[in-house]
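Asker: Supplied in structure tokens, the structure appears directly below.
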Protein chains: 2
Amino acid sequence: MSVGIRHDDLRRRNRAMVISAVRRAGQPSRTEIAATTGLSHSTISAISADLIQEGILTESKANEPTALKRGRPQIGLALNPEAAAVLTVVLSLNFLSVAVIDYAGQVIAEEQQRLDTLVMPRDQLIGECMAIVRRRLQDPDLDLGSVARIAMGIQGITDTHARAMLWSPITPLTDIPFADILETEFGIPATMENDCNMMAVALQWRDPERYRDDFIAILLSHGIGMGLVLKGTLFTGTHSSGGEFGHMIHRPGGALCRCGRRGCVEAYAGNYAIWRSAMKMGEDAEPVDVGDADMRALAAKAREKDGPEREAYRRAGEALGFSLGSLFALIDPAPVAMVGVSAAAFDLIEPALREAIAQTAGGQHSKSISFDTEPNELPLIREGCAMRALTFVDQEIFAPGVQSRTGAAGKNVA
Amino acid sequence: MSVGIRHDDLRRRNRAMVISAVRRAGQPSRTEIAATTGLSHSTISAISADLIQEGILTESKANEPTALKRGRPQIGLALNPEAAAVLTVVLSLNFLSVAVIDYAGQVIAEEQQRLDTLVMPRDQLIGECMAIVRRRLQDPDLDLGSVARIAMGIQGITDTHARAMLWSPITPLTDIPFADILETEFGIPATMENDCNMMAVALQWRDPERYRDDFIAILLSHGIGMGLVLKGTLFTGTHSSGGEFGHMIHRPGGALCRCGRRGCVEAYAGNYAIWRSAMKMGEDAEPVDVGDADMRALAAKAREKDGPEREAYRRAGEALGFSLGSLFALIDPAPVAMVGVSAAAFDLIEPALREAIAQTAGGQHSKSISFDTEPNELPLIREGCAMRALTFVDQEIFAPGVQSRTGAAGKNVA
DNA sequence: AGGCTTTTTTTCGAGCCTCAAAAAAATAGT
DNA sequence: ACTATTTTTTTGAGGCTCGAAAAAAAGCCT
């Protein structure tokens, strides 16, 4: 309700609509697109003719499963894989991975690398990231000119404008404007995304049935993170990537959190919190990084017999339950995806979680709240970055002028 | 990104834009409108000529403060007060008030009434509401045909579609579809709004400088409620009016709340909670309704000397602080308006609140978080309802076809 | 095989909408 | 009275979408 619609925006928007419809549907016919977008057949025909001529869409001749229907057969429209490419960079604890993805969403090149993020100095961390990107961009097999966007995902807090990492648990460094660094280095538009937000984006593409308008992705790993989709749109804070679910207060003045404060959810449900609780090290014990293998062993022990390990998971569940309850009081209950190594131990967490949530305002229908688990977060983050980058390409390159969600906050005047 | 833009939507949208620009600016000239909307002068000229001809806008001849500038003087455009009228109904504890407001936003008729909401049976409560509305609508001084919309505000939870009150602290009754009842009774489109949301809407209109894109309105009264504006838009839950800040969990298993659960913020910061704490009645004491006068006396006693009264306010501040901290962890800090009788005692609450919030993730910049107070919530709620109803009229009646925010959730397909 | 039916896609004219530039209007200054 | 300045209206051109009709491309039926 802020700024008028120009006459020429119309075509741009509708072009973007068509592209987005094709990306979602896979190989829709023109008629299907007309139905989903609500535009007339003639408009779709005109726009898709343009897009095909520009090399953005292709008609898929290979109409394999000939529907054997009467009437003129539909011609499927597909994204032209060669129209563009995007590059994703995912930086997580001690691990860096890069992928090049074509316009149709297929991975066409990959590279991964271990590195000690916790102790690297600033220049070296940035240098390693740039180096791996450069190697992929200069790969002779790849048409360099076609990489249209870079999306970088990182565990930690990013700013609303998707320019910089503000803080991250994987490094003591702060305020690294990765997006700007990438842009100046390679001259390709780049954004810096939060890992949990990308998980949510990926889920939305992977399973649009279940993860459609409202859902929550929670990362249960060293730290606790959240990606939140409300009314079909990724929810971000007003200044930062937002959704710091892990640092909602579970018990005022309670257990010591990695962030230095007390009583955060993470201080009860993060890997280090479960670990120190199981080891009876007390709530003030300094947080330590626990390997995934150790966590899996811990879960196995907890399943084996009742003891401090099981109790540790119980307390994690309680903290998650009460905090989810508080969250649900604000946004109403929604399906939840638990992602990360501790999601594999969700059987140990769930009973206490459900018991706690039932005691909260958001838990009125606690029985009907459904949880899904996915033990491996990295593929999700990569997929999310890819889709995010491709969506940007869809909107900005091929339908320029349409305001993008993450762009400068559009000078609202009225 | 869901549905295409039809050609004829364009005019409708831009008409709505112009109307909205006039409503915000008061008496803007065509040139000013062109500047704020970004549309060309000719378009604005064409649209405003239409709107004037239809009797929606008027040219304000009385160009009182003749700007004494060179050039052709600007002609101010104003909303025609007679273009339409709206009616607001505000139902709060033991109190019912109705107002008729003209299209320019001026109150042209009012009626108020006391009634025992807590004990009234369903039919009688509905009946009283209908009766007072009917009296205003049938007022011979008023042109009946012109009331284009009704907005009803109520303390409690409403559904996302703004049709029904789901639950309210002012009555034991639940699930009253007031919007539908009003519509069938009077044949006028109606919506059912949450009181705190309307407070937020009103603040946005009253002081757009301070309450612009992101802010929080918190009602400190018998219960604790919240209206939240994020990125310029009212935030609602996905199923209900949402934002049940008062029922976030402050201390798991803690004090008894009016909602029957334990540890909610409200059980520490609601009037009854402060009262029972000051009276040393214990955290399990049955919630009682405390009059505003009693609360003011309590605050006075707390200011006078250190004692259980002061301690009660301290504990309320602590609960509010930790919960705001959790909220800020999710949405980033924003300006806060404290509304209601306990907002008048904010001096007693603030120190503990700030101390608590500083211990949370959201409190990193706790010093810079600014609080404003407004002891009287009723006028705000009424104003909010009026603006909400008028905005609906702007969009639906005079620019039909444009999707309204509260309307059926538009079949998103793509 | 040939004609008929069905479905998809394209074409074409009509109707709007917005824009840019020019013209008209209204006033202050000289 | 005339000019400069600013606002508003008018006008012609170009684009966009829509609906209807035509064209295209199959399968179905006799």
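Order determines the names: the first chain of the structure tokens is A, the second B, and so forth; residues in each chain are numbered 1 upward, and ligands are numbered 1 upward as they are shown.
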Among region 360-393 of chain A, which ones does DSSP place in strand (DSSP E or B), written as a list in words?

Answerer: Phe371, Asp372, Thr373 and Glu374 of chain A

Asker: Those same residues, written as an mmCIF file, in the first residue's frame with N, CA and C atoms?

Answerer:
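So selection32.cif came out as:
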data_model
loop_
_atom_site.group_PDB
_atom_site.id
_atom_site.type_symbol
_atom_site.label_atom_id
_atom_site.label_comp_id
_atom_site.auth_asym_id
_atom_site.auth_seq_id
_atom_site.Cartn_x
_atom_site.Cartn_y
_atom_site.Cartn_z
ATOM 1 N N PHE A 371 5.543 -33.236 14.370
ATOM 2 C CA PHE A 371 6.980 -33.041 14.255
ATOM 3 C C PHE A 371 7.542 -33.987 13.209
ATOM 4 N N ASP A 372 8.482 -33.470 12.458
ATOM 5 C CA ASP A 372 9.155 -34.292 11.477
ATOM 6 C C ASP A 372 10.651 -34.144 11.772
ATOM 7 N N THR A 373 11.432 -35.151 11.445
ATOM 8 C CA THR A 373 12.857 -35.043 11.749
ATOM 9 C C THR A 373 13.709 -35.270 10.520
ATOM 10 N N GLU A 374 14.853 -34.624 10.530
ATOM 11 C CA GLU A 374 15.798 -34.706 9.414
ATOM 12 C C GLU A 374 17.182 -34.541 10.035
#

Asker: With only C-alpha atoms (C1' of nucleotides) counted and 12 Å as the cut-off, give the residues of chain C in contact with chain A, each with its shortest interatomic distance in Å and the pair that gives it, as a tab-separated table.

Answerer:
residue	atom	partner	partner_atom	distance
C:DC4	C1'	A:Gly71	CA	11.9
C:DT5	C1'	A:Gly71	CA	8.2
C:DT6	C1'	A:Gly71	CA	4.6
C:DT7	C1'	A:Gly71	CA	3.9
C:DT8	C1'	A:Arg72	CA	5.3
C:DT9	C1'	A:Ser45	CA	7.4
C:DT10	C1'	A:Ser45	CA	7.5
C:DT11	C1'	A:Ser42	CA	9.0
C:DC12	C1'	A:Ser42	CA	10.8
C:DC16	C1'	A:His7	CA	11.1
C:DC17	C1'	A:His7	CA	7.0
C:DT18	C1'	A:His7	CA	5.4
C:DC19	C1'	A:His7	CA	8.6

Asker: If you keep C-alpha atoms (C1' of nucleotides), can you produce a file of those selected residues as a tab-separated table (two decimals), in the first residue's frame?

Answerer:
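Dumped to again_15.tsv:
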chain	number	residue	atom	x	y	z
C	4	DC	C1'	-15.80	-35.36	-36.28
C	5	DT	C1'	-14.72	-34.13	-31.61
C	6	DT	C1'	-11.79	-32.39	-28.20
C	7	DT	C1'	-8.22	-29.73	-26.34
C	8	DT	C1'	-4.43	-26.54	-26.71
C	9	DT	C1'	-2.29	-22.66	-28.69
C	10	DT	C1'	-2.13	-18.56	-31.51
C	11	DT	C1'	-4.01	-14.49	-33.66
C	12	DC	C1'	-6.54	-10.25	-33.84
C	16	DC	C1'	-7.92	0.61	-20.93
C	17	DC	C1'	-4.17	2.47	-18.65
C	18	DT	C1'	-0.03	5.15	-18.08
C	19	DC	C1'	3.36	8.26	-19.76

Asker: Go through chain B and flag each residue having an atom no more than 8 Å from chain A; for those, report the closest pair of atoms plus their distance in Å to one decimal, using only C-alpha atoms, ordered by chain and rising number, as CSV.

Answerer:
residue,atom,partner,partner_atom,distance
B:Met1,CA,A:Met17,CA,6.6
B:Ser2,CA,A:Thr37,CA,7.0
B:Val3,CA,A:Thr37,CA,4.8
B:Gly4,CA,A:Thr37,CA,5.1
B:Ile5,CA,A:Asn14,CA,6.8
B:Arg6,CA,A:Leu39,CA,6.8
B:His7,CA,A:Leu10,CA,7.9
B:Leu10,CA,A:Ile5,CA,6.9
B:Arg13,CA,A:Gly4,CA,7.6
B:Asn14,CA,A:Gly4,CA,5.8
B:Met17,CA,A:Gly4,CA,6.4
B:Ser20,CA,A:Ala414,CA,7.7
B:Ala21,CA,A:Ala414,CA,5.6
B:Arg24,CA,A:Ala414,CA,7.0
B:Ala25,CA,A:Ala414,CA,7.9
B:Thr36,CA,A:Val413,CA,5.4
B:Thr37,CA,A:Val3,CA,4.8
B:Gly38,CA,A:Gly4,CA,6.0
B:Leu39,CA,A:Gly4,CA,6.0
B:Asp214,CA,A:Thr238,CA,7.4
B:Leu230,CA,A:Thr238,CA,7.3
B:Lys231,CA,A:Thr238,CA,7.0
B:Thr236,CA,A:Ile331,CA,7.2
B:Gly237,CA,A:Ile331,CA,4.4
B:Thr238,CA,A:Asp332,CA,5.9
B:His239,CA,A:Asp332,CA,6.3
B:Ser240,CA,A:Asp332,CA,7.0
B:Gly242,CA,A:Leu330,CA,5.5
B:Gly243,CA,A:Leu330,CA,4.1
B:Glu244,CA,A:Ala329,CA,5.1
B:Phe245,CA,A:Leu330,CA,6.2
B:His247,CA,A:Ala361,CA,6.0
B:Met248,CA,A:Ser326,CA,4.3
B:Ile249,CA,A:Ser326,CA,5.6
B:His250,CA,A:Arg251,CA,7.6
B:Arg251,CA,A:Arg251,CA,6.3
B:Pro252,CA,A:Phe322,CA,7.1
B:Arg261,CA,A:Gln359,CA,6.4
B:Arg262,CA,A:Gln359,CA,7.4
B:Phe322,CA,A:Ile249,CA,6.9
B:Ser323,CA,A:Ile249,CA,7.5
B:Gly325,CA,A:Met248,CA,7.3
B:Ser326,CA,A:Met248,CA,4.3
B:Leu327,CA,A:Met248,CA,7.3
B:Ala329,CA,A:Glu244,CA,5.1
B:Leu330,CA,A:Gly243,CA,4.1
B:Ile331,CA,A:Gly237,CA,4.4
B:Asp332,CA,A:Gly237,CA,5.5
B:Gln359,CA,A:Arg261,CA,6.4
B:Thr360,CA,A:Arg261,CA,6.7
B:Ala361,CA,A:His247,CA,6.0
B:Val413,CA,A:Thr36,CA,5.4
B:Ala414,CA,A:Ala21,CA,5.2

Asker: How would the residues just picked look written out with N, CA and C atoms as a short mmCIF file (atom, residue, chain, number, x, y, z; two decimals), in the first residue's frame?

Answerer:
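The file below, part27.cif, is the result:
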data_model
loop_
_atom_site.label_atom_id
_atom_site.label_comp_id
_atom_site.auth_asym_id
_atom_site.auth_seq_id
_atom_site.Cartn_x
_atom_site.Cartn_y
_atom_site.Cartn_z
N MET B 1 3.65 -12.94 -4.84
CA MET B 1 4.18 -13.82 -5.87
C MET B 1 3.22 -14.95 -6.19
N SER B 2 1.94 -14.72 -6.01
CA SER B 2 1.06 -15.85 -6.15
C SER B 2 0.17 -15.75 -7.37
N VAL B 3 -0.40 -14.61 -7.58
CA VAL B 3 -1.39 -14.53 -8.64
C VAL B 3 -1.10 -13.33 -9.53
N GLY B 4 -1.33 -13.50 -10.81
CA GLY B 4 -1.00 -12.46 -11.79
C GLY B 4 -1.81 -11.20 -11.59
N ILE B 5 -1.35 -10.14 -12.21
CA ILE B 5 -2.07 -8.88 -12.11
C ILE B 5 -2.85 -8.65 -13.38
N ARG B 6 -4.14 -8.50 -13.23
CA ARG B 6 -4.98 -8.23 -14.38
C ARG B 6 -4.84 -6.78 -14.78
N HIS B 7 -5.21 -6.53 -15.99
CA HIS B 7 -5.06 -5.18 -16.49
C HIS B 7 -5.95 -4.19 -15.74
N LEU B 10 -5.11 -2.70 -12.25
CA LEU B 10 -4.20 -1.57 -12.18
C LEU B 10 -4.90 -0.31 -11.72
N ARG B 13 -6.12 -0.50 -8.13
CA ARG B 13 -5.05 -0.33 -7.16
C ARG B 13 -4.60 1.11 -7.06
N ASN B 14 -4.45 1.72 -8.21
CA ASN B 14 -3.95 3.09 -8.17
C ASN B 14 -4.99 4.05 -7.61
N MET B 17 -4.59 3.68 -4.02
CA MET B 17 -3.38 4.39 -3.62
C MET B 17 -3.64 5.87 -3.41
N SER B 20 -5.69 6.45 -0.34
CA SER B 20 -4.89 6.26 0.86
C SER B 20 -3.91 7.41 1.07
N ALA B 21 -3.37 7.91 -0.03
CA ALA B 21 -2.45 9.04 0.09
C ALA B 21 -3.16 10.26 0.66
N ARG B 24 -3.85 9.86 4.42
CA ARG B 24 -2.68 10.06 5.27
C ARG B 24 -2.23 11.49 5.31
N ALA B 25 -2.26 12.12 4.16
CA ALA B 25 -1.66 13.45 4.10
C ALA B 25 -2.61 14.56 4.52
N THR B 36 4.30 11.23 -3.84
CA THR B 36 4.29 10.13 -2.86
C THR B 36 3.98 8.79 -3.51
N THR B 37 3.13 8.79 -4.53
CA THR B 37 2.77 7.51 -5.12
C THR B 37 3.74 7.09 -6.21
N GLY B 38 4.49 8.03 -6.74
CA GLY B 38 5.40 7.69 -7.82
C GLY B 38 4.70 7.59 -9.17
N LEU B 39 3.44 7.91 -9.22
CA LEU B 39 2.72 7.89 -10.50
C LEU B 39 2.88 9.25 -11.19
N ASP B 214 8.11 -0.66 12.70
CA ASP B 214 8.19 -1.73 13.69
C ASP B 214 7.97 -1.18 15.09
N LEU B 230 5.04 -5.14 12.35
CA LEU B 230 6.35 -5.49 11.83
C LEU B 230 6.42 -5.13 10.36
N LYS B 231 7.46 -4.42 9.99
CA LYS B 231 7.64 -3.99 8.61
C LYS B 231 6.39 -3.28 8.09
N THR B 236 -0.39 -10.70 12.76
CA THR B 236 -1.40 -11.52 13.44
C THR B 236 -0.94 -12.98 13.38
N GLY B 237 -1.48 -13.76 14.26
CA GLY B 237 -1.18 -15.18 14.22
C GLY B 237 -1.72 -15.78 12.94
N THR B 238 -1.44 -17.05 12.73
CA THR B 238 -1.87 -17.66 11.49
C THR B 238 -3.31 -18.15 11.58
N HIS B 239 -3.78 -18.42 12.80
CA HIS B 239 -5.16 -18.86 12.97
C HIS B 239 -5.98 -17.85 13.76
N SER B 240 -5.35 -17.23 14.74
CA SER B 240 -6.07 -16.32 15.62
C SER B 240 -5.46 -14.93 15.48
N GLY B 242 -3.60 -13.65 17.40
CA GLY B 242 -2.19 -13.84 17.66
C GLY B 242 -1.61 -12.91 18.70
N GLY B 243 -0.32 -12.98 18.84
CA GLY B 243 0.37 -12.09 19.75
C GLY B 243 -0.08 -12.21 21.18
N GLU B 244 -0.27 -13.44 21.65
CA GLU B 244 -0.68 -13.60 23.04
C GLU B 244 0.54 -13.49 23.95
N PHE B 245 1.12 -12.31 23.93
CA PHE B 245 2.30 -12.03 24.72
C PHE B 245 2.07 -12.35 26.20
N HIS B 247 0.64 -14.63 27.52
CA HIS B 247 0.68 -16.05 27.88
C HIS B 247 1.95 -16.73 27.39
N MET B 248 2.96 -15.94 27.12
CA MET B 248 4.28 -16.53 27.00
C MET B 248 4.66 -17.03 28.40
N ILE B 249 5.50 -18.03 28.44
CA ILE B 249 5.86 -18.60 29.75
C ILE B 249 7.04 -17.85 30.35
N HIS B 250 6.79 -17.25 31.51
CA HIS B 250 7.88 -16.57 32.20
C HIS B 250 8.64 -17.56 33.09
N ARG B 251 7.89 -18.27 33.94
CA ARG B 251 8.53 -19.29 34.78
C ARG B 251 7.75 -20.59 34.66
N PRO B 252 8.36 -21.60 34.03
CA PRO B 252 7.66 -22.88 33.89
C PRO B 252 7.14 -23.38 35.23
N ARG B 261 -3.45 -21.86 33.33
CA ARG B 261 -2.11 -22.44 33.27
C ARG B 261 -1.19 -21.77 34.28
N ARG B 262 0.07 -22.14 34.23
CA ARG B 262 1.01 -21.63 35.23
C ARG B 262 2.21 -20.97 34.58
N PHE B 322 11.86 -10.09 31.06
CA PHE B 322 12.34 -11.35 30.50
C PHE B 322 11.53 -11.75 29.27
N SER B 323 10.25 -11.53 29.33
CA SER B 323 9.42 -11.94 28.19
C SER B 323 9.66 -11.05 26.98
N GLY B 325 12.39 -9.69 26.41
CA GLY B 325 13.69 -10.16 25.93
C GLY B 325 13.53 -11.35 25.00
N SER B 326 12.68 -12.30 25.40
CA SER B 326 12.44 -13.45 24.54
C SER B 326 11.81 -13.02 23.23
N LEU B 327 10.87 -12.10 23.33
CA LEU B 327 10.22 -11.60 22.12
C LEU B 327 11.23 -10.92 21.21
N ALA B 329 14.29 -11.49 21.05
CA ALA B 329 15.17 -12.48 20.44
C ALA B 329 14.58 -12.94 19.11
N LEU B 330 13.27 -12.96 19.04
CA LEU B 330 12.61 -13.43 17.82
C LEU B 330 12.46 -12.35 16.77
N ILE B 331 12.15 -11.13 17.20
CA ILE B 331 11.79 -10.11 16.20
C ILE B 331 12.71 -8.90 16.20
N ASP B 332 13.73 -8.88 17.01
CA ASP B 332 14.61 -7.72 17.18
C ASP B 332 13.89 -6.61 17.95
N GLN B 359 19.50 -8.84 30.64
CA GLN B 359 20.06 -10.18 30.80
C GLN B 359 19.66 -11.12 29.67
N THR B 360 18.98 -10.59 28.66
CA THR B 360 18.49 -11.45 27.58
C THR B 360 19.17 -11.11 26.27
N ALA B 361 19.01 -12.01 25.31
CA ALA B 361 19.63 -11.82 24.00
C ALA B 361 19.07 -10.58 23.31
N VAL B 413 -1.74 -20.26 -5.68
CA VAL B 413 -1.59 -21.48 -6.45
C VAL B 413 -0.14 -21.75 -6.75
N ALA B 414 0.48 -20.79 -7.40
CA ALA B 414 1.83 -21.04 -7.90
C ALA B 414 2.79 -21.32 -6.75
#

Asker: Check region 1-60 of chain A with DSSP on the backbone and list each residue it calls alpha helix (DSSP H), as a PyMOL selection string.

Answerer: chain A and resi 7-25+30-37+41-53

Asker: Take the selection from the previous step and output its residues with C-alpha atoms, as a JSON list (two decimals), in the first residue's frame.

Answerer:
[["chain", "number", "residue", "atom", "x", "y", "z"],
["A", 7, "HIS", "CA", 2.17, 0.50, -16.34],
["A", 8, "ASP", "CA", 5.38, -1.22, -17.36],
["A", 9, "ASP", "CA", 5.67, -3.01, -14.01],
["A", 10, "LEU", "CA", 2.73, -5.04, -15.14],
["A", 11, "ARG", "CA", 4.58, -7.01, -17.77],
["A", 12, "ARG", "CA", 7.59, -7.46, -15.55],
["A", 13, "ARG", "CA", 5.53, -8.83, -12.75],
["A", 14, "ASN", "CA", 3.62, -11.16, -14.95],
["A", 15, "ARG", "CA", 6.80, -12.39, -16.55],
["A", 16, "ALA", "CA", 8.15, -13.14, -13.10],
["A", 17, "MET", "CA", 4.90, -14.91, -12.30],
["A", 18, "VAL", "CA", 5.24, -17.15, -15.31],
["A", 19, "ILE", "CA", 8.84, -18.01, -14.54],
["A", 20, "SER", "CA", 7.96, -18.78, -10.95],
["A", 21, "ALA", "CA", 5.02, -20.93, -12.03],
["A", 22, "VAL", "CA", 7.30, -22.96, -14.27],
["A", 23, "ARG", "CA", 9.91, -23.34, -11.55],
["A", 24, "ARG", "CA", 7.34, -24.70, -9.15],
["A", 25, "ALA", "CA", 5.38, -26.89, -11.46],
["A", 30, "ARG", "CA", 0.61, -22.95, -21.09],
["A", 31, "THR", "CA", -2.91, -23.81, -20.07],
["A", 32, "GLU", "CA", -1.79, -24.90, -16.63],
["A", 33, "ILE", "CA", 0.13, -21.69, -16.19],
["A", 34, "ALA", "CA", -2.91, -19.70, -17.18],
["A", 35, "ALA", "CA", -4.91, -21.53, -14.57],
["A", 36, "THR", "CA", -2.43, -21.07, -11.73],
["A", 37, "THR", "CA", -1.68, -17.45, -12.45],
["A", 41, "HIS", "CA", -4.36, -17.71, -22.30],
["A", 42, "SER", "CA", -3.39, -15.00, -24.69],
["A", 43, "THR", "CA", -1.22, -13.27, -22.12],
["A", 44, "ILE", "CA", 0.53, -16.48, -21.17],
["A", 45, "SER", "CA", 1.05, -17.27, -24.81],
["A", 46, "ALA", "CA", 2.61, -13.89, -25.46],
["A", 47, "ILE", "CA", 4.84, -13.97, -22.41],
["A", 48, "SER", "CA", 6.04, -17.51, -22.94],
["A", 49, "ALA", "CA", 6.81, -16.80, -26.56],
["A", 50, "ASP", "CA", 9.01, -13.93, -25.38],
["A", 51, "LEU", "CA", 10.68, -16.05, -22.74],
["A", 52, "ILE", "CA", 11.38, -18.87, -25.17],
["A", 53, "GLN", "CA", 12.80, -16.44, -27.66]]

Asker: At a cut-off of 6 Å, list the chain D residues touching chain B, using only C-alpha atoms (C1' of nucleotides), as a list of chain:residue names.

Answerer: D:DT5, D:DT6, D:DT7, D:DT17

Asker: Could you list, as a ChimeraX atom specification, every residue within 8 Å of region 336-342 of chain B, counting only C-alpha atoms (C1' of nucleotides) and ignoring same-chain residues fewer than 2 positions away?

Answerer: /B:215-221,271,292,295-296,334,344-346,369-377

Asker: Work out how far CA of Gly187 (chain B) is from CA of Cys129 (chain B), in Å to one decimal.

Answerer: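 According to the coordinates, CA of Cys129 (chain B) and CA of Gly187 (chain B) are separated by 15.4 Å.
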
Asker: Rounded to one decimal in Å, what is the spacing between CA of Leu166 (chain B) and CA of Gln124 (chain B)?

Answerer: 17.7 Å

Asker: Nearest to Ala285 (chain B) among B:Ala300, B:Ala312, B:Leu118, B:Cys257, with distances taken over only C-alpha atoms: which residue is it?

Answerer: B:Cys257

Asker: If we count only C-alpha atoms (C1' of nucleotides), what is near DA23 (chain C) at a cut-off of 12 Å, once residues fewer than 4 positions away on the same chain are taken out, given as an MDAnalysis selection string?

Answerer: chainID D and resid 8:11

Asker: Grab the CA of Ile108 (chain A) to CA of Arg136 (chain A) distance for me, in Å with one decimal place.

Answerer: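 Between CA of Ile108 (chain A) and CA of Arg136 (chain A) the gap is 10.5 Å.
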